[in-house]
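Raw contents of my_file.pdb, PDB, C-alpha atoms:
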MODEL        1
ATOM      1  CA  MET A   1     -12.001 -16.614   8.999
ATOM      2  CA  HIS A   2     -15.037 -15.518  11.038
ATOM      3  CA  CYS A   3     -17.700 -15.502   8.312
ATOM      4  CA  ALA A   4     -18.351 -16.636   4.758
ATOM      5  CA  MET A   5     -20.777 -15.536   2.067
ATOM      6  CA  ILE A   6     -22.664 -18.196   0.118
ATOM      7  CA  GLN A   7     -25.050 -17.785  -2.817
ATOM      8  CA  ALA A   8     -27.487 -20.073  -4.593
ATOM      9  CA  GLY A   9     -30.613 -19.419  -6.598
ATOM     10  CA  ASP A  10     -32.379 -16.279  -5.341
ATOM     11  CA  LEU A  11     -30.541 -16.141  -2.013
ATOM     12  CA  GLN A  12     -27.345 -14.737  -0.613
ATOM     13  CA  ALA A  13     -26.342 -15.429   2.992
ATOM     14  CA  ILE A  14     -23.474 -14.559   5.302
ATOM     15  CA  ILE A  15     -22.827 -17.219   7.946
ATOM     16  CA  GLY A  16     -20.652 -16.177  10.853
ATOM     17  CA  ASP A  17     -19.284 -17.194  14.223
ATOM     18  CA  THR A  18     -19.420 -15.144  17.448
ATOM     19  CA  ALA A  19     -16.604 -12.732  16.567
ATOM     20  CA  ARG A  20     -18.931  -9.863  15.592
ATOM     21  CA  ASP A  21     -19.531  -7.450  18.476
ATOM     22  CA  GLY A  22     -23.277  -6.867  18.196
ATOM     23  CA  ILE A  23     -25.708  -5.030  20.442
ATOM     24  CA  GLY A  24     -25.548  -7.833  22.989
ATOM     25  CA  GLY A  25     -21.827  -8.467  22.591
ATOM     26  CA  ARG A  26     -20.084 -11.373  20.888
ATOM     27  CA  GLN A  27     -22.787 -14.024  20.908
ATOM     28  CA  TYR A  28     -24.675 -13.891  17.603
ATOM     29  CA  CYS A  29     -23.508 -16.793  15.453
ATOM     30  CA  GLY A  30     -25.504 -18.267  12.587
ATOM     31  CA  VAL A  31     -27.017 -16.380   9.665
ATOM     32  CA  TRP A  32     -25.647 -12.855   9.956
ATOM     33  CA  SER A  33     -27.408 -11.791   6.778
ATOM     34  CA  LEU A  34     -30.064 -13.251   4.490
ATOM     35  CA  THR A  35     -31.159 -11.418   1.357
ATOM     36  CA  SER A  36     -33.084 -12.344  -1.764
ATOM     37  CA  LYS A  37     -33.122 -11.032  -5.316
ATOM     38  CA  HIS A  38     -36.735 -10.170  -4.481
ATOM     39  CA  ARG A  39     -35.872  -8.276  -1.264
ATOM     40  CA  PRO A  40     -32.304  -6.945  -0.881
ATOM     41  CA  PHE A  41     -32.851  -6.042   2.792
ATOM     42  CA  ASN A  42     -31.465  -8.281   5.532
ATOM     43  CA  ALA A  43     -34.205 -10.528   6.937
ATOM     44  CA  PHE A  44     -32.389 -10.665  10.289
ATOM     45  CA  GLY A  45     -31.315  -7.810  12.554
ATOM     46  CA  ASN A  46     -28.030  -6.320  11.387
ATOM     47  CA  SER A  47     -26.476  -6.478  14.876
ATOM     48  CA  TYR A  48     -28.081  -9.834  15.606
ATOM     49  CA  ALA A  49     -28.525 -13.004  13.483
ATOM     50  CA  GLY A  50     -30.910 -15.793  12.560
ATOM     51  CA  LEU A  51     -30.914 -19.556  13.178
ATOM     52  CA  ILE A  52     -28.684 -19.115  16.232
ATOM     53  CA  PRO A  53     -28.258 -22.475  18.003
ATOM     54  CA  THR A  54     -28.055 -21.735  21.719
ATOM     55  CA  ASP A  55     -25.577 -24.603  22.098
ATOM     56  CA  LEU A  56     -23.163 -22.497  19.994
ATOM     57  CA  ARG A  57     -24.244 -19.032  21.058
ATOM     58  CA  GLY A  58     -21.522 -16.924  22.639
ATOM     59  CA  ARG A  59     -18.973 -19.743  22.438
ATOM     60  CA  GLU A  60     -15.632 -20.142  20.712
ATOM     61  CA  LEU A  61     -16.306 -21.702  17.329
ATOM     62  CA  ALA A  62     -14.442 -22.988  14.306
ATOM     63  CA  LEU A  63     -15.791 -22.024  10.874
ATOM     64  CA  GLU A  64     -15.185 -23.945   7.673
ATOM     65  CA  GLN A  65     -16.589 -23.799   4.157
ATOM     66  CA  PRO A  66     -16.507 -27.316   2.661
ATOM     67  CA  ASP A  67     -18.061 -26.159  -0.635
ATOM     68  CA  GLU A  68     -19.334 -22.975  -2.269
ATOM     69  CA  ASN A  69     -22.886 -23.387  -0.890
ATOM     70  CA  THR A  70     -22.157 -24.650   2.646
ATOM     71  CA  VAL A  71     -20.746 -23.250   5.894
ATOM     72  CA  VAL A  72     -20.148 -25.288   9.060
ATOM     73  CA  LEU A  73     -19.785 -23.957  12.624
ATOM     74  CA  THR A  74     -18.246 -26.278  15.221
ATOM     75  CA  HIS A  75     -17.929 -26.087  18.994
ATOM     76  CA  SER A  76     -15.509 -28.413  20.748
ATOM     77  CA  ALA A  77     -16.510 -29.514  24.233
ATOM     78  CA  SER A  78     -14.886 -27.441  26.966
ATOM     79  CA  PRO A  79     -14.916 -27.368  30.776
ATOM     80  CA  THR A  80     -17.312 -24.422  30.688
ATOM     81  CA  TYR A  81     -19.685 -26.083  28.202
ATOM     82  CA  PRO A  82     -19.143 -29.845  27.763
ATOM     83  CA  CYS A  83     -21.062 -30.263  24.520
ATOM     84  CA  GLU A  84     -19.731 -31.112  21.074
ATOM     85  CA  ALA A  85     -21.869 -29.283  18.517
ATOM     86  CA  ARG A  86     -21.770 -28.976  14.730
ATOM     87  CA  ALA A  87     -24.127 -26.683  12.788
ATOM     88  CA  VAL A  88     -24.421 -26.896   9.001
ATOM     89  CA  TYR A  89     -25.938 -24.133   6.847
ATOM     90  CA  ARG A  90     -26.423 -25.042   3.180
ATOM     91  CA  LEU A  91     -28.070 -22.946   0.471
ATOM     92  CA  THR A  92     -30.121 -25.001  -1.967
ATOM     93  CA  PRO A  93     -31.640 -23.392  -5.090
ATOM     94  CA  PRO A  94     -33.915 -21.684  -5.624
ATOM     95  CA  TYR A  95     -34.718 -20.295  -2.130
ATOM     96  CA  TYR A  96     -33.810 -22.735   0.663
ATOM     97  CA  ILE A  97     -31.465 -22.868   3.630
ATOM     98  CA  ASP A  98     -31.087 -26.462   4.790
ATOM     99  CA  HIS A  99     -29.881 -26.489   8.378
ATOM    100  CA  GLU A 100     -28.656 -29.333  10.556
ATOM    101  CA  LEU A 101     -27.396 -29.366  14.140
ATOM    102  CA  ARG A 102     -25.639 -32.347  15.688
ATOM    103  CA  ILE A 103     -24.850 -32.366  19.411
ATOM    104  CA  ARG A 104     -23.239 -34.741  21.881
ATOM    105  CA  ASP A 105     -23.199 -33.882  25.592
ATOM    106  CA  LEU A 106     -20.200 -35.084  27.580
ATOM    107  CA  HIS A 107     -21.952 -34.227  30.852
ATOM    108  CA  ASP A 108     -25.622 -33.938  31.778
ATOM    109  CA  LEU A 109     -26.809 -30.563  30.463
ATOM    110  CA  ARG A 110     -30.414 -30.710  31.606
ATOM    111  CA  LEU A 111     -31.390 -27.628  33.590
ATOM    112  CA  PRO A 112     -31.782 -28.142  37.359
ATOM    113  CA  GLY A 113     -35.224 -29.440  38.231
ATOM    114  CA  CYS A 114     -36.041 -30.315  34.603
ATOM    115  CA  GLY A 115     -36.747 -33.762  33.253
ATOM    116  CA  PHE A 116     -35.688 -32.813  29.753
ATOM    117  CA  ARG A 117     -32.854 -31.361  27.668
ATOM    118  CA  GLU A 118     -33.567 -28.209  25.657
ATOM    119  CA  VAL A 119     -32.015 -27.546  22.234
ATOM    120  CA  ALA A 120     -33.114 -24.083  21.085
ATOM    121  CA  TRP A 121     -32.615 -21.612  18.235
ATOM    122  CA  CYS A 122     -33.228 -17.859  18.076
ATOM    123  CA  SER A 123     -33.915 -15.699  15.027
ATOM    124  CA  TYR A 124     -34.018 -11.923  15.502
ATOM    125  CA  MET A 125     -36.080 -10.424  12.730
ATOM    126  CA  ASN A 126     -35.387  -7.153  10.951
ATOM    127  CA  CYS A 127     -38.328  -4.740  11.015
ATOM    128  CA  PRO A 128     -41.249  -6.826   9.726
ATOM    129  CA  GLU A 129     -44.375  -4.736   9.248
ATOM    130  CA  ASP A 130     -46.348  -7.698  10.627
ATOM    131  CA  PRO A 131     -44.467  -9.359  13.528
ATOM    132  CA  GLN A 132     -46.810 -12.344  13.958
ATOM    133  CA  LEU A 133     -46.142 -16.040  13.408
ATOM    134  CA  ARG A 134     -48.642 -18.016  11.325
ATOM    135  CA  PHE A 135     -49.385 -21.688  11.930
ATOM    136  CA  LEU A 136     -52.220 -24.173  11.635
ATOM    137  CA  SER A 137     -54.266 -24.613  14.817
ATOM    138  CA  ASP A 138     -57.452 -26.702  14.973
ATOM    139  CA  GLY A 139     -57.483 -26.785  11.188
ATOM    140  CA  GLN A 140     -57.335 -23.004  10.759
ATOM    141  CA  TRP A 141     -54.454 -20.632  10.135
ATOM    142  CA  MET A 142     -53.688 -18.672  13.298
ATOM    143  CA  SER A 143     -51.624 -15.463  13.524
ATOM    144  CA  TYR A 144     -49.936 -15.014  16.874
ATOM    145  CA  LEU A 145     -47.332 -12.997  18.763
ATOM    146  CA  SER A 146     -46.856 -13.096  22.519
ATOM    147  CA  PRO A 147     -48.265  -9.987  24.260
ATOM    148  CA  ARG A 148     -44.940  -9.198  25.943
ATOM    149  CA  HIS A 149     -41.556 -10.779  26.469
ATOM    150  CA  GLY A 150     -41.807 -13.853  28.674
ATOM    151  CA  TYR A 151     -45.587 -14.163  28.686
ATOM    152  CA  GLY A 152     -47.582 -16.382  26.343
ATOM    153  CA  SER A 153     -44.378 -17.191  24.512
ATOM    154  CA  GLN A 154     -44.510 -20.938  23.790
ATOM    155  CA  ILE A 155     -46.714 -22.924  21.415
ATOM    156  CA  ALA A 156     -46.746 -26.707  21.808
ATOM    157  CA  PRO A 157     -47.872 -29.331  19.268
ATOM    158  CA  GLY A 158     -51.515 -30.343  19.344
ATOM    159  CA  TYR A 159     -50.639 -33.889  18.288
ATOM    160  CA  VAL A 160     -48.764 -34.532  21.589
ATOM    161  CA  PRO A 161     -51.057 -35.299  24.570
ATOM    162  CA  ASP A 162     -50.811 -32.876  27.485
ATOM    163  CA  SER A 163     -49.684 -35.781  29.673
ATOM    164  CA  ASP A 164     -46.623 -36.219  27.435
ATOM    165  CA  LEU A 165     -45.594 -32.554  27.405
ATOM    166  CA  GLU A 166     -42.704 -31.422  29.585
ATOM    167  CA  VAL A 167     -43.574 -29.863  32.941
ATOM    168  CA  PHE A 168     -41.796 -26.590  33.704
ATOM    169  CA  PRO A 169     -40.730 -25.799  37.274
ATOM    170  CA  PRO A 170     -42.786 -22.904  38.750
ATOM    171  CA  ARG A 171     -41.029 -19.548  38.720
ATOM    172  CA  GLU A 172     -40.770 -19.478  42.508
ATOM    173  CA  MET A 173     -38.917 -22.819  42.508
ATOM    174  CA  ARG A 174     -36.130 -21.556  40.280
ATOM    175  CA  GLY A 175     -34.514 -19.611  43.134
ATOM    176  CA  ASN A 176     -31.713 -17.409  41.844
ATOM    177  CA  SER A 177     -31.764 -19.087  38.432
ATOM    178  CA  PRO A 178     -33.490 -17.082  35.694
ATOM    179  CA  HIS A 179     -36.839 -18.427  34.547
ATOM    180  CA  PRO A 180     -36.551 -18.931  30.761
ATOM    181  CA  PHE A 181     -38.889 -16.548  28.967
ATOM    182  CA  HIS A 182     -40.155 -19.258  26.618
ATOM    183  CA  TRP A 183     -41.617 -21.439  29.388
ATOM    184  CA  ASP A 184     -44.982 -19.663  29.419
ATOM    185  CA  ARG A 185     -47.174 -21.890  27.243
ATOM    186  CA  ILE A 186     -50.392 -20.749  25.577
ATOM    187  CA  THR A 187     -53.566 -22.824  25.221
ATOM    188  CA  PRO A 188     -53.721 -22.964  21.389
ATOM    189  CA  ARG A 189     -51.546 -25.654  19.832
ATOM    190  CA  PHE A 190     -50.066 -26.071  16.368
ATOM    191  CA  ASP A 191     -51.360 -28.874  14.128
ATOM    192  CA  ARG A 192     -48.322 -29.505  11.942
ATOM    193  CA  PRO A 193     -44.560 -28.897  12.304
ATOM    194  CA  TYR A 194     -44.144 -25.684  10.345
ATOM    195  CA  TYR A 195     -44.822 -21.964  10.622
ATOM    196  CA  TYR A 196     -44.088 -18.813   8.677
ATOM    197  CA  GLY A 197     -43.864 -15.052   9.002
ATOM    198  CA  ARG A 198     -44.117 -12.182   6.537
ATOM    199  CA  LEU A 199     -41.360  -9.727   5.608
ATOM    200  CA  GLY A 200     -42.863  -7.292   3.160
ATOM    201  CA  SER A 201     -43.906  -9.296   0.106
ATOM    202  CA  MET A 202     -41.782 -12.265   1.244
ATOM    203  CA  ALA A 203     -42.592 -15.316   3.337
ATOM    204  CA  LEU A 204     -40.030 -16.820   5.713
ATOM    205  CA  MET A 205     -41.114 -20.442   6.273
ATOM    206  CA  HIS A 206     -39.759 -22.757   8.964
ATOM    207  CA  LEU A 207     -40.215 -26.460   8.152
ATOM    208  CA  PHE A 208     -39.183 -29.077  10.699
ATOM    209  CA  GLY A 209     -38.417 -32.717  11.363
ATOM    210  CA  GLN A 210     -38.655 -34.500  14.760
ATOM    211  CA  PRO A 211     -42.239 -33.273  15.280
ATOM    212  CA  GLN A 212     -42.797 -34.932  18.679
ATOM    213  CA  TRP A 213     -40.005 -32.856  20.249
ATOM    214  CA  LEU A 214     -40.717 -29.592  18.466
ATOM    215  CA  ARG A 215     -41.920 -26.382  20.169
ATOM    216  CA  PHE A 216     -42.349 -22.845  18.785
ATOM    217  CA  PHE A 217     -41.715 -19.743  20.865
ATOM    218  CA  CYS A 218     -41.590 -16.016  20.209
ATOM    219  CA  SER A 219     -41.052 -12.563  21.678
ATOM    220  CA  PRO A 220     -42.466  -9.241  20.433
ATOM    221  CA  THR A 221     -39.291  -7.359  21.430
ATOM    222  CA  GLY A 222     -36.483  -9.942  21.225
ATOM    223  CA  GLY A 223     -34.998  -8.368  18.093
ATOM    224  CA  GLY A 224     -34.632  -4.911  19.649
ATOM    225  CA  VAL A 225     -35.868  -1.555  18.394
ATOM    226  CA  SER A 226     -37.336  -1.439  14.907
ATOM    227  CA  LEU A 227     -36.594   1.137  12.214
ATOM    228  CA  ILE A 228     -40.379   1.488  12.052
ATOM    229  CA  SER A 229     -41.261   4.335  14.398
ATOM    230  CA  GLY A 230     -42.733   3.149  17.694
ATOM    231  CA  ALA A 231     -42.265  -0.542  16.882
ATOM    232  CA  ALA A 232     -39.976  -3.349  18.015
ATOM    233  CA  CYS A 233     -38.501  -6.322  16.176
ATOM    234  CA  PRO A 234     -39.718  -9.789  17.129
ATOM    235  CA  ALA A 235     -37.899 -13.042  17.734
ATOM    236  CA  TRP A 236     -39.275 -16.026  15.790
ATOM    237  CA  ASP A 237     -37.770 -18.973  17.650
ATOM    238  CA  PHE A 238     -38.087 -22.720  18.094
ATOM    239  CA  GLU A 239     -36.656 -25.595  20.076
ATOM    240  CA  TRP A 240     -36.570 -29.337  20.508
ATOM    241  CA  ILE A 241     -37.279 -30.935  23.882
ATOM    242  CA  ILE A 242     -35.445 -34.220  24.514
ATOM    243  CA  PRO A 243     -37.355 -36.080  27.247
ATOM    244  CA  SER A 244     -35.334 -37.765  29.992
ATOM    245  CA  ALA A 245     -36.441 -41.177  28.700
ATOM    246  CA  ASP A 246     -34.620 -40.401  25.423
ATOM    247  CA  TYR A 247     -31.670 -38.446  26.822
ATOM    248  CA  GLU A 248     -28.237 -39.986  27.290
ATOM    249  CA  VAL A 249     -24.871 -38.387  27.929
ATOM    250  CA  GLY A 250     -22.494 -39.317  25.111
ATOM    251  CA  ARG A 251     -25.265 -39.959  22.574
ATOM    252  CA  ASP A 252     -25.416 -38.160  19.218
ATOM    253  CA  TYR A 253     -28.580 -36.158  18.408
ATOM    254  CA  THR A 254     -29.212 -34.651  14.988
ATOM    255  CA  PHE A 255     -31.917 -32.069  14.223
ATOM    256  CA  ARG A 256     -32.865 -30.882  10.753
ATOM    257  CA  MET A 257     -35.017 -28.111   9.381
ATOM    258  CA  ARG A 258     -35.456 -26.127   6.182
ATOM    259  CA  LEU A 259     -35.838 -22.356   5.954
ATOM    260  CA  VAL A 260     -37.697 -21.111   2.875
ATOM    261  CA  TYR A 261     -37.395 -17.442   1.876
ATOM    262  CA  LYS A 262     -39.452 -16.552  -1.194
ATOM    263  CA  PRO A 263     -42.212 -14.244  -2.404
ATOM    264  CA  PHE A 264     -45.434 -15.008  -0.547
ATOM    265  CA  VAL A 265     -48.150 -16.767  -2.561
ATOM    266  CA  SER A 266     -50.631 -18.310  -0.111
ATOM    267  CA  ASP A 267     -51.035 -20.291   3.099
ATOM    268  CA  ASP A 268     -51.573 -23.406   1.015
ATOM    269  CA  GLU A 269     -48.187 -22.997  -0.618
ATOM    270  CA  VAL A 270     -46.553 -23.151   2.820
ATOM    271  CA  THR A 271     -48.212 -26.520   3.371
ATOM    272  CA  SER A 272     -47.070 -27.658  -0.086
ATOM    273  CA  GLU A 273     -43.468 -26.675   0.673
ATOM    274  CA  TYR A 274     -43.574 -28.753   3.850
ATOM    275  CA  GLU A 275     -45.096 -31.772   2.122
ATOM    276  CA  ASN A 276     -42.416 -31.569  -0.577
ATOM    277  CA  VAL A 277     -39.599 -31.708   1.937
ATOM    278  CA  CYS A 278     -40.899 -33.657   4.953
ATOM    279  CA  GLU A 279     -39.854 -37.025   3.536
ATOM    280  CA  HIS A 280     -36.222 -35.866   3.668
ATOM    281  CA  PHE A 281     -36.213 -35.165   7.410
TER     282      PHE A 281
ENDMDL
END

Conversion result in structure tokens:
Amino acid sequence: MHCAMIQAGDLQAIIGDTARDGIGGRQYCGVWSLTSKHRPFNAFGNSYAGLIPTDLRGRELALEQPDENTVVLTHSASPTYPCEARAVYRLTPPYYIDHELRIRDLHDLRLPGCGFREVAWCSYMNCPEDPQLRFLSDGQWMSYLSPRHGYGSQIAPGYVPDSDLEVFPPREMRGNSPHPFHWDRITPRFDRPYYYGRLGSMALMHLFGQPQWLRFFCSPTGGGVSLISGAACPAWDFEWIIPSADYEVGRDYTFRMRLVYKPFVSDDEVTSEYENVCEHF
């Protein structure tokens, strides 16, 4: 079984492994499809996916469905990628996806020259009329999308001092290794660990735990060509940074977040949704 459909409340989702041969080949695990009774149009690109953990992306996975509302994707450590990873996707009425990723590295998986371990997720959006992310910055709601892929792509938390943020190796020091597109950080910071985007009349909210390690990043073209003439589909992504002081081979790390997909009401409602759930992280 390579995918399973789950339904709860307003939502229907298809969770799948990497068997589907999408535009970029067999790599797009996670939420293959997310629809709502209020918008029966896939929120994520039909040849892509959403909530793709990069520790599972493009890898051989096992899929199980422990109950009617939950799907689990598991990667067993291998010589090519020595990380045990388990991703849980659970629909909770009326309009939530509760997501958890647990990893354990059997070898050091920090990138060369980096004093941190990255744990990242990608979500390739399906033709939003407005491709921008919205988050609180200096007490005001800010709408933002990077100007082009790889430039101005990362937003860091304002509540973490600059001296405590990870330092990225300069592009010229990476040699033949690709420079990750999300390492170009902008000056504005986010105030609180959540953001949202608009899909028609709907809001897609991302609510997070582990705020010290959280980073947002985005791309205006990551989701490929849009059905809207002359437009592209964005990527609305995020990651956790595990500093070297907290990183150990063989240690379990668990990350949790909640995706909310419901008709948009107001910015304040996004804050209310976070405050309702943050105590559970």

Take the PyMOL selection byres ((chain A and resi 206) around 9), run it mentally on this structure, and tell me the resulting residues as a VMD selection string.
chain A and resid 193 to 197 204 to 205 207 to 208 257 to 260 274

What is the distance, in Å and to one decimal place, between atom CA of A:Arg39 and atom CA of A:Pro263?
8.8 Å

For stretch 92-103 of chain A, work out the shell of residues within 8 Å, counting all atoms listed in the file and skipping chain neighbours fewer than 6 positions away, then give it as a ChimeraX atom specification.
/A:8-11,53,69,83-86,252-262

Using only C-alpha atoms, which of A:Gly113, A:Pro157, A:Pro243, A:Pro82 sits nearest A:Pro170?
A:Gly113

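Every protein, DNA or RNA residue with an atom at most 9 Å from A:Ala232, where all atoms listed in the file count and chain neighbours fewer than 2 positions away do not, is listed here: Cys127, Pro131, Pro220, Thr221, Gly222, Gly223, Gly224, Val225, Ser226, Leu227, Ile228, Ser229, Gly230 and Pro234 of chain A.
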
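Closest approach to A:Tyr48 among A:Pro79, A:Pro169, A:Pro211, A:Gly16 is made by A:Gly16 (distances from only C-alpha atoms).
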
Residues within 10 Å of (-38.7, -17.0, 18.4), file coords, all atoms listed in the file, listed as a JSON list (two decimals) with C-alpha atoms, in the coordinates of the input:
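So the final result, stored in selection_36.json, reads:
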[["chain", "number", "residue", "atom", "x", "y", "z"],
["A", 50, "GLY", "CA", -30.91, -15.79, 12.56],
["A", 51, "LEU", "CA", -30.91, -19.56, 13.18],
["A", 120, "ALA", "CA", -33.11, -24.08, 21.08],
["A", 121, "TRP", "CA", -32.62, -21.61, 18.24],
["A", 122, "CYS", "CA", -33.23, -17.86, 18.08],
["A", 123, "SER", "CA", -33.92, -15.70, 15.03],
["A", 124, "TYR", "CA", -34.02, -11.92, 15.50],
["A", 125, "MET", "CA", -36.08, -10.42, 12.73],
["A", 133, "LEU", "CA", -46.14, -16.04, 13.41],
["A", 145, "LEU", "CA", -47.33, -13.00, 18.76],
["A", 146, "SER", "CA", -46.86, -13.10, 22.52],
["A", 153, "SER", "CA", -44.38, -17.19, 24.51],
["A", 154, "GLN", "CA", -44.51, -20.94, 23.79],
["A", 182, "HIS", "CA", -40.16, -19.26, 26.62],
["A", 216, "PHE", "CA", -42.35, -22.84, 18.78],
["A", 217, "PHE", "CA", -41.72, -19.74, 20.86],
["A", 218, "CYS", "CA", -41.59, -16.02, 20.21],
["A", 219, "SER", "CA", -41.05, -12.56, 21.68],
["A", 220, "PRO", "CA", -42.47, -9.24, 20.43],
["A", 222, "GLY", "CA", -36.48, -9.94, 21.22],
["A", 223, "GLY", "CA", -35.00, -8.37, 18.09],
["A", 234, "PRO", "CA", -39.72, -9.79, 17.13],
["A", 235, "ALA", "CA", -37.90, -13.04, 17.73],
["A", 236, "TRP", "CA", -39.28, -16.03, 15.79],
["A", 237, "ASP", "CA", -37.77, -18.97, 17.65],
["A", 238, "PHE", "CA", -38.09, -22.72, 18.09],
["A", 239, "GLU", "CA", -36.66, -25.60, 20.08]]

Could you tell me which of A:Glu118, A:Pro40, A:Gly25, A:Gln132 comes closest to A:Asp55 if we count only C-alpha atoms?
A:Glu118

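The shortest atom-to-atom distance to A:His38, with all atoms listed in the file taken into account, belongs to A:Gln12 out of A:Gln12, A:Ser266, A:Thr18, A:Thr74.
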
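With distances restricted to all atoms listed in the file, A:Asp162 is the closest residue to A:Arg185 from A:Glu279, A:Asp105, A:Glu64, A:Asp162.
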
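Picture a line from atom CA of A:His2 to atom CA of A:Leu199; it runs 27.5 Å.
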
Residues near stretch 158-161 of chain A, cut-off 10 Å, only C-alpha atoms, skip fewer than 2 positions along chain, as a ChimeraX atom specification
/A:136-138,155-156,163-165,187-193,211-214

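Shortest atom-to-atom contact with A:Ile14 among A:His280, A:His75, A:Arg104, A:Arg90: A:Arg90, counting all atoms listed in the file.
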
Expected selection from the PyMOL selection byres ((chain A and resi 4) around 8), given as a PyMOL selection string:
chain A and resi 1-3+5-6+14-16+65+71

What does the structure give for the distance between atom CA of A:Cys29 and atom CA of A:Cys114, in Å to one decimal?
26.6 Å

Where atoms are missing, can you supply N, CA and C atoms for stretch 41-55 of chain A and output the lot as a CSV table (one decimal), in the frame of the given file?
chain,number,residue,atom,x,y,z
A,41,PHE,N,-32.8,-6.6,1.5
A,41,PHE,CA,-32.9,-6.0,2.8
A,41,PHE,C,-32.7,-7.2,3.8
A,42,ASN,N,-31.7,-7.2,4.7
A,42,ASN,CA,-31.5,-8.3,5.5
A,42,ASN,C,-32.7,-8.7,6.3
A,43,ALA,N,-33.0,-10.0,6.2
A,43,ALA,CA,-34.2,-10.5,6.9
A,43,ALA,C,-34.0,-10.5,8.4
A,44,PHE,N,-32.7,-10.6,8.9
A,44,PHE,CA,-32.4,-10.7,10.3
A,44,PHE,C,-31.7,-9.4,10.7
A,45,GLY,N,-31.9,-9.1,12.0
A,45,GLY,CA,-31.3,-7.8,12.6
A,45,GLY,C,-29.8,-7.7,12.3
A,46,ASN,N,-29.4,-6.5,11.8
A,46,ASN,CA,-28.0,-6.3,11.4
A,46,ASN,C,-27.0,-6.5,12.5
A,47,SER,N,-27.4,-6.3,13.8
A,47,SER,CA,-26.5,-6.5,14.9
A,47,SER,C,-26.8,-7.8,15.6
A,48,TYR,N,-27.7,-8.6,15.0
A,48,TYR,CA,-28.1,-9.8,15.6
A,48,TYR,C,-27.8,-10.9,14.6
A,49,ALA,N,-28.7,-11.9,14.5
A,49,ALA,CA,-28.5,-13.0,13.5
A,49,ALA,C,-29.8,-13.8,13.5
A,50,GLY,N,-29.8,-14.8,12.6
A,50,GLY,CA,-30.9,-15.8,12.6
A,50,GLY,C,-30.4,-17.2,12.6
A,51,LEU,N,-31.3,-18.2,13.0
A,51,LEU,CA,-30.9,-19.6,13.2
A,51,LEU,C,-29.7,-19.7,14.1
A,52,ILE,N,-29.8,-19.1,15.2
A,52,ILE,CA,-28.7,-19.1,16.2
A,52,ILE,C,-28.9,-20.3,17.1
A,53,PRO,N,-28.1,-21.4,17.1
A,53,PRO,CA,-28.3,-22.5,18.0
A,53,PRO,C,-27.7,-22.0,19.4
A,54,THR,N,-28.5,-22.2,20.4
A,54,THR,CA,-28.1,-21.7,21.7
A,54,THR,C,-26.9,-22.6,22.2
A,55,ASP,N,-26.7,-23.8,21.7
A,55,ASP,CA,-25.6,-24.6,22.1
A,55,ASP,C,-24.3,-24.1,21.5
